[in-house]
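Structure first, commentary second.
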Amino acid sequence: MASQTSYREFTIKAPEFAYAQLELHADETAAPVTLDELFVRSYCTNALRQYLGLTGAAIPLDILKVEGRWCWLRMPRDDLKPFAAALTAFRGSAGDDGDAPCLLRIKQCSDWLGTMVGGDALEKLWHD
């Protein structure tokens with residue numbers, strides 16, 4: 001008697017989280033800015049608070065990795081659009097006096113982390 005294997009298929013139509021890769025752009029004539037988890041959290045919270053008030057500041061962000069000038073974040077999928085708008089509208093600074101421009105810009109975002117990582121590898125293939 002031959003055994004019959006049954007397969008189950010399912011499709012994830014709306015993932016719970018979205019991912020964003022941010023890149024640091026800083027004024028090179030000023031003191032160097034070190035990108036770390038605290039800087040990223042503070043910058044994003046300030047941008048969200050300025051754009052959406054306390055509602056924006058309450059958006060949960062998970063900092064997945066910080067490396068060099070880049071960082072990767074995870075957030076609820078429905079919050080990606082307001083997050084992108086807040087970051088785009090925010091003009092940050094690196095010092096307490098606010099005179100050294102320092103920006104975190106969205107390099108890429110996706111509902112799937114794997115597509116972003118694959119895109120990075122493809123870019124390195126052609127540019128390194």
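By convention in this document, the chains of the structure tokens carry letters A, B, ... by their order, each chain's residues are numbered from 1, and ligands are numbered from 1 in the order they are shown.
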
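Residues in contact with A:Phe39 at up to 12 Å, not including ones fewer than 6 positions away on its chain and judged by only C-alpha atoms, are A:Leu24, A:Val33, A:Thr45, A:Asn46, A:Ile63, A:Val66, A:Arg69, A:Trp70, A:Cys71, A:Gly92, A:Ser93, A:Ala94, A:Gly95, A:Cys102, A:Leu103, A:Leu104.
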
Write the residues of the preceding selection, restricted to N, CA, C and O atoms, as a PDB file, in the first residue's frame.
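Result saved to result24.pdb:
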```pdb
ATOM      1  N   LEU A  24      22.540  56.831   7.994  1.00  0.00           N
ATOM      2  CA  LEU A  24      22.941  58.086   8.620  1.00  0.00           C
ATOM      3  C   LEU A  24      23.601  58.999   7.590  1.00  0.00           C
ATOM      4  O   LEU A  24      24.503  58.580   6.865  1.00  0.00           O
ATOM      5  N   VAL A  33      29.657  61.679  14.045  1.00  0.00           N
ATOM      6  CA  VAL A  33      28.503  61.161  14.779  1.00  0.00           C
ATOM      7  C   VAL A  33      28.596  59.643  14.798  1.00  0.00           C
ATOM      8  O   VAL A  33      28.820  59.012  13.767  1.00  0.00           O
ATOM      9  N   THR A  45      12.155  58.630  18.021  1.00  0.00           N
ATOM     10  CA  THR A  45      11.127  59.094  18.953  1.00  0.00           C
ATOM     11  C   THR A  45      10.861  60.579  18.761  1.00  0.00           C
ATOM     12  O   THR A  45       9.698  61.015  18.743  1.00  0.00           O
ATOM     13  N   ASN A  46      11.916  61.385  18.600  1.00  0.00           N
ATOM     14  CA  ASN A  46      11.739  62.820  18.381  1.00  0.00           C
ATOM     15  C   ASN A  46      11.015  63.099  17.068  1.00  0.00           C
ATOM     16  O   ASN A  46      10.147  63.975  17.003  1.00  0.00           O
ATOM     17  N   ILE A  63      14.833  47.942  17.504  1.00  0.00           N
ATOM     18  CA  ILE A  63      16.091  48.137  16.787  1.00  0.00           C
ATOM     19  C   ILE A  63      16.735  46.766  16.660  1.00  0.00           C
ATOM     20  O   ILE A  63      17.152  46.169  17.645  1.00  0.00           O
ATOM     21  N   VAL A  66      22.467  47.701  14.470  1.00  0.00           N
ATOM     22  CA  VAL A  66      23.123  48.946  14.104  1.00  0.00           C
ATOM     23  C   VAL A  66      24.537  48.584  13.679  1.00  0.00           C
ATOM     24  O   VAL A  66      25.257  47.917  14.420  1.00  0.00           O
ATOM     25  N   ARG A  69      27.005  53.014   9.306  1.00  0.00           N
ATOM     26  CA  ARG A  69      26.062  54.108   9.057  1.00  0.00           C
ATOM     27  C   ARG A  69      24.625  53.620   8.916  1.00  0.00           C
ATOM     28  O   ARG A  69      23.744  54.399   8.590  1.00  0.00           O
ATOM     29  N   TRP A  70      24.396  52.332   9.096  1.00  0.00           N
ATOM     30  CA  TRP A  70      23.069  51.761   8.847  1.00  0.00           C
ATOM     31  C   TRP A  70      22.475  51.148  10.100  1.00  0.00           C
ATOM     32  O   TRP A  70      23.184  50.685  10.981  1.00  0.00           O
ATOM     33  N   CYS A  71      21.154  51.125  10.121  1.00  0.00           N
ATOM     34  CA  CYS A  71      20.443  50.415  11.173  1.00  0.00           C
ATOM     35  C   CYS A  71      19.166  49.822  10.582  1.00  0.00           C
ATOM     36  O   CYS A  71      18.646  50.307   9.581  1.00  0.00           O
ATOM     37  N   GLY A  92      16.894  66.546  11.844  1.00  0.00           N
ATOM     38  CA  GLY A  92      17.607  66.267  13.080  1.00  0.00           C
ATOM     39  C   GLY A  92      18.891  67.057  13.200  1.00  0.00           C
ATOM     40  O   GLY A  92      19.283  67.794  12.309  1.00  0.00           O
ATOM     41  N   SER A  93      19.533  66.887  14.329  1.00  0.00           N
ATOM     42  CA  SER A  93      20.833  67.493  14.554  1.00  0.00           C
ATOM     43  C   SER A  93      21.639  66.593  15.465  1.00  0.00           C
ATOM     44  O   SER A  93      21.095  65.792  16.210  1.00  0.00           O
ATOM     45  N   ALA A  94      22.968  66.750  15.390  1.00  0.00           N
ATOM     46  CA  ALA A  94      23.851  65.865  16.140  1.00  0.00           C
ATOM     47  C   ALA A  94      24.295  66.439  17.466  1.00  0.00           C
ATOM     48  O   ALA A  94      24.751  65.721  18.327  1.00  0.00           O
ATOM     49  N   GLY A  95      24.196  67.719  17.663  1.00  0.00           N
ATOM     50  CA  GLY A  95      24.695  68.316  18.899  1.00  0.00           C
ATOM     51  C   GLY A  95      23.581  68.895  19.742  1.00  0.00           C
ATOM     52  O   GLY A  95      22.442  69.024  19.305  1.00  0.00           O
ATOM     53  N   CYS A 102      22.298  66.310  11.011  1.00  0.00           N
ATOM     54  CA  CYS A 102      22.468  64.867  11.071  1.00  0.00           C
ATOM     55  C   CYS A 102      21.107  64.242  10.769  1.00  0.00           C
ATOM     56  O   CYS A 102      20.138  64.520  11.468  1.00  0.00           O
ATOM     57  N   LEU A 103      21.028  63.446   9.719  1.00  0.00           N
ATOM     58  CA  LEU A 103      19.756  62.891   9.299  1.00  0.00           C
ATOM     59  C   LEU A 103      19.801  61.380   9.221  1.00  0.00           C
ATOM     60  O   LEU A 103      20.804  60.799   8.803  1.00  0.00           O
ATOM     61  N   LEU A 104      18.725  60.746   9.604  1.00  0.00           N
ATOM     62  CA  LEU A 104      18.521  59.332   9.344  1.00  0.00           C
ATOM     63  C   LEU A 104      17.486  59.251   8.233  1.00  0.00           C
ATOM     64  O   LEU A 104      16.378  59.776   8.376  1.00  0.00           O
TER      65      LEU A 104
END
```

Fill in: alpha helix (DSSP H) positions in chain A, given as a PyMOL selection string
chain A and resi 37-52+54-57+80-89+113-127

Worksheet entry | Nearby residues (only C-alpha atoms) at most 10 Å from A:Asp79, same-chain spacing under 5 positions excluded, as a list in words | Phe17, Ala18, Gly56, Ile59, Pro60, Leu61 and Ala84 of chain A

Discussion item. Counting only C-alpha atoms, which residue out of A:Leu38, A:Ala57, A:Leu22, A:Leu64 sits closest to A:Lys107?
Written reply: A:Leu22

Practice prompt. From the DSSP assignment of the backbone, select every residue of chain A that is strand (DSSP E), and format the answer as a PyMOL selection string.
Written response: chain A and resi 17-26+62-67+70-76+102-110

Practice prompt. For A:Leu48, list every protein, DNA or RNA residue within 9 Å, evaluated using only C-alpha atoms, and leave out those in the same chain fewer than 3 positions away; present the list as a count of residues only.
Written response: 18

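You can rank A:Arg74, A:Arg105, A:Lys65, A:Lys81 by their closest distance to A:Tyr19 using only C-alpha atoms, and at the top of that list sits A:Arg74.
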